[in-house]
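Structure file upload.cif (mmCIF, N, CA and C atoms) is printed below.
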```
data_model
loop_
_atom_site.label_atom_id
_atom_site.label_comp_id
_atom_site.auth_asym_id
_atom_site.auth_seq_id
_atom_site.Cartn_x
_atom_site.Cartn_y
_atom_site.Cartn_z
N MET A 1 33.26 -40.92 15.08
CA MET A 1 32.71 -39.80 15.81
C MET A 1 33.84 -38.91 16.30
N PRO A 2 33.77 -37.60 16.06
CA PRO A 2 34.81 -36.72 16.54
C PRO A 2 34.74 -36.59 18.06
N THR A 3 35.91 -36.52 18.68
CA THR A 3 35.93 -36.41 20.14
C THR A 3 35.89 -34.97 20.59
N LEU A 4 36.12 -34.04 19.70
CA LEU A 4 36.09 -32.62 20.02
C LEU A 4 37.02 -32.27 21.17
N GLY A 5 38.14 -32.95 21.23
CA GLY A 5 39.15 -32.60 22.21
C GLY A 5 38.94 -33.18 23.60
N LEU A 6 38.01 -34.10 23.78
CA LEU A 6 37.76 -34.63 25.10
C LEU A 6 38.33 -36.01 25.31
N SER A 7 39.16 -36.48 24.42
CA SER A 7 39.73 -37.81 24.59
C SER A 7 40.71 -37.86 25.75
N PHE A 8 41.20 -36.72 26.21
CA PHE A 8 42.14 -36.67 27.29
C PHE A 8 41.50 -36.81 28.66
N LEU A 9 40.24 -36.55 28.79
CA LEU A 9 39.62 -36.41 30.09
C LEU A 9 39.77 -37.61 31.02
N PRO A 10 39.35 -38.80 30.64
CA PRO A 10 39.43 -39.90 31.59
C PRO A 10 40.86 -40.25 32.00
N SER A 11 41.79 -40.22 31.08
CA SER A 11 43.12 -40.69 31.40
C SER A 11 44.01 -39.63 32.03
N GLN A 12 43.80 -38.35 31.77
CA GLN A 12 44.70 -37.34 32.25
C GLN A 12 44.16 -36.52 33.41
N MET A 13 42.91 -36.70 33.78
CA MET A 13 42.34 -35.86 34.82
C MET A 13 41.65 -36.72 35.87
N ALA A 14 42.38 -37.38 36.67
CA ALA A 14 41.79 -38.21 37.72
C ALA A 14 41.40 -37.31 38.89
N SER A 15 40.17 -37.41 39.30
CA SER A 15 39.68 -36.64 40.44
C SER A 15 40.17 -37.27 41.73
N LYS A 16 40.30 -36.44 42.78
CA LYS A 16 40.69 -36.97 44.08
C LYS A 16 39.57 -37.79 44.71
N SER A 17 38.34 -37.50 44.36
CA SER A 17 37.24 -38.27 44.92
C SER A 17 36.91 -39.42 43.98
N GLN A 18 36.36 -40.48 44.51
CA GLN A 18 36.02 -41.66 43.71
C GLN A 18 34.52 -41.88 43.76
N LEU A 19 33.77 -40.99 43.12
CA LEU A 19 32.32 -41.10 43.10
C LEU A 19 31.88 -41.94 41.91
N THR A 20 30.67 -42.48 41.96
CA THR A 20 30.19 -43.34 40.88
C THR A 20 29.52 -42.53 39.79
N ASN A 21 29.41 -43.12 38.58
CA ASN A 21 28.75 -42.49 37.43
C ASN A 21 27.30 -42.90 37.35
N VAL A 22 26.50 -42.04 36.77
CA VAL A 22 25.11 -42.35 36.44
C VAL A 22 24.98 -42.15 34.94
N ASP A 23 24.30 -43.05 34.27
CA ASP A 23 24.17 -42.97 32.82
C ASP A 23 23.27 -41.80 32.43
N PHE A 24 23.71 -41.00 31.45
CA PHE A 24 22.95 -39.84 31.00
C PHE A 24 21.82 -40.22 30.04
N ALA A 25 21.73 -41.49 29.68
CA ALA A 25 20.69 -41.90 28.73
C ALA A 25 19.29 -41.60 29.26
N ILE A 26 19.12 -41.68 30.56
CA ILE A 26 17.80 -41.41 31.14
C ILE A 26 17.38 -39.98 30.85
N ARG A 27 18.30 -39.05 31.05
CA ARG A 27 17.99 -37.64 30.80
C ARG A 27 17.72 -37.36 29.33
N ALA A 28 18.48 -38.00 28.47
CA ALA A 28 18.38 -37.69 27.04
C ALA A 28 17.25 -38.43 26.35
N ARG A 29 16.64 -39.40 27.00
CA ARG A 29 15.61 -40.22 26.36
C ARG A 29 14.50 -39.38 25.73
N THR A 30 14.03 -38.34 26.42
CA THR A 30 12.95 -37.51 25.89
C THR A 30 13.40 -36.72 24.67
N LEU A 31 14.70 -36.58 24.47
CA LEU A 31 15.20 -35.83 23.32
C LEU A 31 15.09 -36.61 22.02
N TYR A 32 14.73 -37.89 22.10
CA TYR A 32 14.54 -38.69 20.89
C TYR A 32 13.16 -38.45 20.29
N SER A 33 12.30 -37.79 21.01
CA SER A 33 10.93 -37.55 20.57
C SER A 33 10.93 -36.74 19.28
N PRO A 34 10.06 -37.10 18.32
CA PRO A 34 9.98 -36.33 17.09
C PRO A 34 9.48 -34.90 17.34
N LEU A 35 8.88 -34.66 18.49
CA LEU A 35 8.39 -33.32 18.81
C LEU A 35 9.51 -32.40 19.29
N CYS A 36 10.63 -32.96 19.63
CA CYS A 36 11.76 -32.17 20.11
C CYS A 36 12.57 -31.70 18.90
N THR A 37 12.67 -30.40 18.74
CA THR A 37 13.38 -29.82 17.61
C THR A 37 14.88 -29.76 17.87
N CYS A 38 15.62 -29.46 16.84
CA CYS A 38 17.07 -29.29 16.97
C CYS A 38 17.37 -28.20 18.00
N SER A 39 16.60 -27.13 17.97
CA SER A 39 16.78 -26.03 18.91
C SER A 39 16.53 -26.50 20.34
N CYS A 40 15.51 -27.32 20.50
CA CYS A 40 15.18 -27.89 21.82
C CYS A 40 16.34 -28.73 22.34
N ARG A 41 16.88 -29.56 21.48
CA ARG A 41 18.02 -30.40 21.86
C ARG A 41 19.23 -29.54 22.20
N ALA A 42 19.50 -28.56 21.36
CA ALA A 42 20.66 -27.69 21.58
C ALA A 42 20.53 -26.96 22.92
N ASP A 43 19.36 -26.47 23.23
CA ASP A 43 19.15 -25.78 24.50
C ASP A 43 19.39 -26.73 25.67
N PHE A 44 18.86 -27.94 25.57
CA PHE A 44 19.04 -28.93 26.62
C PHE A 44 20.52 -29.24 26.82
N PHE A 45 21.22 -29.56 25.74
CA PHE A 45 22.62 -29.94 25.85
C PHE A 45 23.47 -28.76 26.29
N ARG A 46 23.16 -27.56 25.84
CA ARG A 46 23.90 -26.37 26.28
C ARG A 46 23.81 -26.24 27.80
N GLN A 47 22.62 -26.46 28.34
CA GLN A 47 22.44 -26.39 29.79
C GLN A 47 23.24 -27.49 30.50
N GLU A 48 23.23 -28.69 29.93
CA GLU A 48 23.98 -29.80 30.53
C GLU A 48 25.49 -29.50 30.54
N PHE A 49 26.01 -28.99 29.43
CA PHE A 49 27.43 -28.67 29.38
C PHE A 49 27.76 -27.52 30.31
N GLN A 50 26.86 -26.56 30.46
CA GLN A 50 27.06 -25.46 31.40
C GLN A 50 27.13 -26.00 32.84
N LYS A 51 26.29 -26.96 33.16
CA LYS A 51 26.33 -27.57 34.50
C LYS A 51 27.69 -28.23 34.75
N HIS A 52 28.21 -28.89 33.73
CA HIS A 52 29.53 -29.52 33.88
C HIS A 52 30.61 -28.46 34.06
N HIS A 53 30.50 -27.36 33.33
CA HIS A 53 31.48 -26.29 33.48
C HIS A 53 31.44 -25.72 34.89
N GLU A 54 30.25 -25.49 35.41
CA GLU A 54 30.11 -24.97 36.77
C GLU A 54 30.68 -25.96 37.79
N CYS A 55 30.43 -27.22 37.57
CA CYS A 55 30.94 -28.26 38.46
C CYS A 55 32.48 -28.29 38.40
N LEU A 56 33.02 -28.16 37.22
CA LEU A 56 34.47 -28.12 37.05
C LEU A 56 35.06 -26.93 37.80
N GLU A 57 34.39 -25.79 37.73
CA GLU A 57 34.85 -24.61 38.46
C GLU A 57 34.89 -24.85 39.96
N ARG A 58 33.88 -25.54 40.48
CA ARG A 58 33.83 -25.84 41.92
C ARG A 58 34.95 -26.80 42.33
N GLN A 59 35.48 -27.56 41.38
CA GLN A 59 36.53 -28.54 41.68
C GLN A 59 37.91 -28.07 41.22
N ARG A 60 38.01 -26.84 40.83
CA ARG A 60 39.26 -26.30 40.27
C ARG A 60 40.48 -26.61 41.14
N GLU A 61 40.35 -26.55 42.43
CA GLU A 61 41.49 -26.76 43.33
C GLU A 61 42.06 -28.19 43.25
N TYR A 62 41.28 -29.12 42.71
CA TYR A 62 41.71 -30.51 42.66
C TYR A 62 42.48 -30.87 41.39
N TYR A 63 42.55 -29.97 40.44
CA TYR A 63 43.19 -30.23 39.15
C TYR A 63 44.27 -29.20 38.87
N SER A 64 45.20 -29.57 38.04
CA SER A 64 46.24 -28.62 37.62
C SER A 64 45.62 -27.59 36.68
N GLU A 65 46.29 -26.45 36.57
CA GLU A 65 45.79 -25.41 35.66
C GLU A 65 45.78 -25.91 34.21
N GLY A 66 46.76 -26.74 33.86
CA GLY A 66 46.81 -27.29 32.50
C GLY A 66 45.62 -28.20 32.22
N ALA A 67 45.26 -29.01 33.20
CA ALA A 67 44.11 -29.91 33.04
C ALA A 67 42.81 -29.11 32.92
N ILE A 68 42.69 -28.08 33.75
CA ILE A 68 41.49 -27.22 33.67
C ILE A 68 41.42 -26.54 32.32
N ALA A 69 42.56 -26.04 31.85
CA ALA A 69 42.59 -25.36 30.55
C ALA A 69 42.17 -26.30 29.42
N LYS A 70 42.63 -27.55 29.48
CA LYS A 70 42.24 -28.53 28.45
C LYS A 70 40.75 -28.82 28.50
N ALA A 71 40.22 -28.98 29.71
CA ALA A 71 38.80 -29.26 29.85
C ALA A 71 37.97 -28.07 29.36
N GLU A 72 38.38 -26.87 29.72
CA GLU A 72 37.64 -25.68 29.28
C GLU A 72 37.73 -25.50 27.77
N ASP A 73 38.89 -25.83 27.19
CA ASP A 73 39.04 -25.77 25.74
C ASP A 73 38.09 -26.76 25.06
N GLY A 74 38.03 -27.97 25.61
CA GLY A 74 37.12 -28.98 25.06
C GLY A 74 35.67 -28.54 25.16
N LEU A 75 35.29 -27.98 26.30
CA LEU A 75 33.92 -27.48 26.46
C LEU A 75 33.63 -26.35 25.48
N ALA A 76 34.58 -25.46 25.29
CA ALA A 76 34.38 -24.35 24.35
C ALA A 76 34.19 -24.87 22.93
N ARG A 77 34.97 -25.88 22.55
CA ARG A 77 34.82 -26.45 21.20
C ARG A 77 33.46 -27.13 21.03
N ILE A 78 33.04 -27.84 22.05
CA ILE A 78 31.72 -28.48 21.98
C ILE A 78 30.63 -27.43 21.82
N LEU A 79 30.68 -26.41 22.66
CA LEU A 79 29.65 -25.37 22.62
C LEU A 79 29.67 -24.61 21.30
N SER A 80 30.85 -24.43 20.70
CA SER A 80 30.92 -23.73 19.42
C SER A 80 30.34 -24.56 18.27
N GLN A 81 30.30 -25.89 18.44
CA GLN A 81 29.78 -26.78 17.40
C GLN A 81 28.43 -27.40 17.77
N LEU A 82 27.86 -26.95 18.86
CA LEU A 82 26.64 -27.55 19.40
C LEU A 82 25.49 -27.58 18.40
N GLU A 83 25.22 -26.47 17.77
CA GLU A 83 24.10 -26.39 16.81
C GLU A 83 24.29 -27.38 15.65
N GLN A 84 25.51 -27.46 15.14
CA GLN A 84 25.78 -28.38 14.03
C GLN A 84 25.64 -29.83 14.47
N ILE A 85 26.14 -30.14 15.64
CA ILE A 85 26.04 -31.53 16.14
C ILE A 85 24.58 -31.91 16.35
N CYS A 86 23.78 -30.98 16.86
CA CYS A 86 22.37 -31.27 17.13
C CYS A 86 21.56 -31.49 15.86
N GLN A 87 22.09 -31.13 14.72
CA GLN A 87 21.40 -31.38 13.45
C GLN A 87 21.66 -32.78 12.92
N ARG A 88 22.61 -33.46 13.49
CA ARG A 88 22.95 -34.82 13.05
C ARG A 88 21.87 -35.79 13.48
N ASP A 89 21.73 -36.87 12.72
CA ASP A 89 20.77 -37.92 13.08
C ASP A 89 21.15 -38.61 14.39
N ASP A 90 22.44 -38.69 14.65
CA ASP A 90 22.92 -39.35 15.86
C ASP A 90 23.31 -38.35 16.96
N ALA A 91 22.68 -37.18 16.95
CA ALA A 91 23.03 -36.11 17.88
C ALA A 91 22.95 -36.56 19.34
N CYS A 92 21.89 -37.25 19.70
CA CYS A 92 21.72 -37.66 21.10
C CYS A 92 22.82 -38.64 21.52
N GLU A 93 23.20 -39.54 20.63
CA GLU A 93 24.25 -40.48 20.96
C GLU A 93 25.59 -39.77 21.11
N VAL A 94 25.89 -38.85 20.18
CA VAL A 94 27.15 -38.11 20.23
C VAL A 94 27.22 -37.27 21.50
N MET A 95 26.17 -36.54 21.77
CA MET A 95 26.15 -35.69 22.96
C MET A 95 26.21 -36.53 24.24
N GLY A 96 25.53 -37.66 24.24
CA GLY A 96 25.58 -38.54 25.40
C GLY A 96 26.99 -39.03 25.67
N GLN A 97 27.72 -39.38 24.60
CA GLN A 97 29.10 -39.82 24.76
C GLN A 97 29.98 -38.70 25.30
N LEU A 98 29.80 -37.50 24.78
CA LEU A 98 30.59 -36.36 25.26
C LEU A 98 30.28 -36.05 26.72
N LEU A 99 29.00 -36.10 27.07
CA LEU A 99 28.61 -35.84 28.46
C LEU A 99 29.18 -36.89 29.41
N ARG A 100 29.18 -38.14 28.98
CA ARG A 100 29.75 -39.20 29.82
C ARG A 100 31.25 -39.00 30.01
N LYS A 101 31.94 -38.56 28.95
CA LYS A 101 33.38 -38.29 29.09
C LYS A 101 33.62 -37.16 30.08
N LEU A 102 32.81 -36.13 30.01
CA LEU A 102 32.95 -35.04 30.98
C LEU A 102 32.61 -35.50 32.39
N ASP A 103 31.63 -36.36 32.50
CA ASP A 103 31.20 -36.83 33.81
C ASP A 103 32.28 -37.64 34.51
N VAL A 104 33.15 -38.28 33.75
CA VAL A 104 34.27 -39.01 34.34
C VAL A 104 35.13 -38.04 35.15
N VAL A 105 35.23 -36.80 34.69
CA VAL A 105 36.04 -35.79 35.35
C VAL A 105 35.24 -35.05 36.42
N THR A 106 34.09 -34.53 36.06
CA THR A 106 33.33 -33.67 36.98
C THR A 106 32.56 -34.44 38.03
N LYS A 107 32.17 -35.67 37.71
CA LYS A 107 31.33 -36.49 38.60
C LYS A 107 30.01 -35.79 38.92
N LEU A 108 29.55 -34.97 37.99
CA LEU A 108 28.31 -34.23 38.19
C LEU A 108 27.13 -35.16 38.46
N SER A 109 27.08 -36.28 37.77
CA SER A 109 25.95 -37.20 37.95
C SER A 109 25.89 -37.74 39.37
N ALA A 110 27.02 -37.85 40.03
CA ALA A 110 27.03 -38.33 41.41
C ALA A 110 26.52 -37.26 42.37
N TRP A 111 26.54 -36.01 41.95
CA TRP A 111 26.08 -34.91 42.78
C TRP A 111 24.58 -34.70 42.64
N THR A 112 24.01 -35.23 41.57
CA THR A 112 22.59 -35.05 41.30
C THR A 112 21.77 -35.92 42.23
N GLU A 113 20.72 -35.33 42.78
CA GLU A 113 19.85 -36.09 43.67
C GLU A 113 18.99 -37.02 42.84
N PRO A 114 19.03 -38.35 43.11
CA PRO A 114 18.32 -39.34 42.30
C PRO A 114 16.82 -39.06 42.19
N GLU A 115 16.19 -38.52 43.22
CA GLU A 115 14.75 -38.27 43.16
C GLU A 115 14.40 -37.14 42.20
N LYS A 116 15.39 -36.35 41.75
CA LYS A 116 15.11 -35.27 40.82
C LYS A 116 15.26 -35.69 39.37
N LEU A 117 15.77 -36.91 39.12
CA LEU A 117 15.89 -37.41 37.76
C LEU A 117 14.53 -37.87 37.27
N HIS A 118 14.25 -37.60 36.02
CA HIS A 118 12.97 -38.00 35.44
C HIS A 118 13.15 -39.25 34.63
#
```
Would you mind giving the structure from this file in structure tokens?
Amino acid sequence: MPTLGLSFLPSQMASKSQLTNVDFAIRARTLYSPLCTCSCRADFFRQEFQKHHECLERQREYYSEGAIAKAEDGLARILSQLEQICQRDDACEVMGQLLRKLDVVTKLSAWTEPEKLH
């Protein structure tokens, strides 16, 4: 599986806060439905990656400019290949892995209110 430039995230970008992770599988479960089209998946994942980007922006002061640049470059590469990845049979697994790698840095899942998860 290609890492799309996100292999650096866990080891090179340690956040000052130590929040816990939540598995993204719960969110992506409905994307396995045969009724969900590639476009539907792409829209969902685009929104998820945008949330991570916004979260990264809010935490900019905690990371070096080089680390932010690498994360933004990785996000840009993912978004540029999003449609192609969503056409793969293992799209949900690939996207889930990428989202989890980003979550190690942004800790977005820890900011999400548990009662709002479906």
- What is the atom CA of Gln59 of chain A to atom CA of Ser109 of chain A distance in Å? 14.2 Å
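Atom to atom, atom C of Ala42 of chain A and atom N of Leu108 of chain A stand 19.3 Å apart.
Interatomic distance, atom CA of Leu82 of chain A to atom CA of Val105 of chain A: 20.3 Å.
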Using only the atoms of segment 58-74 of chain A listed in the file, plus 6 Å on each side, state the axis-aligned box centre and edge lengths in Å rounded to one decimal, as lines of an AutoDock Vina configuration file.
```
center_x = 40.3
center_y = -28.1
center_z = 34.2
size_x = 25.0
size_y = 17.5
size_z = 30.3
```
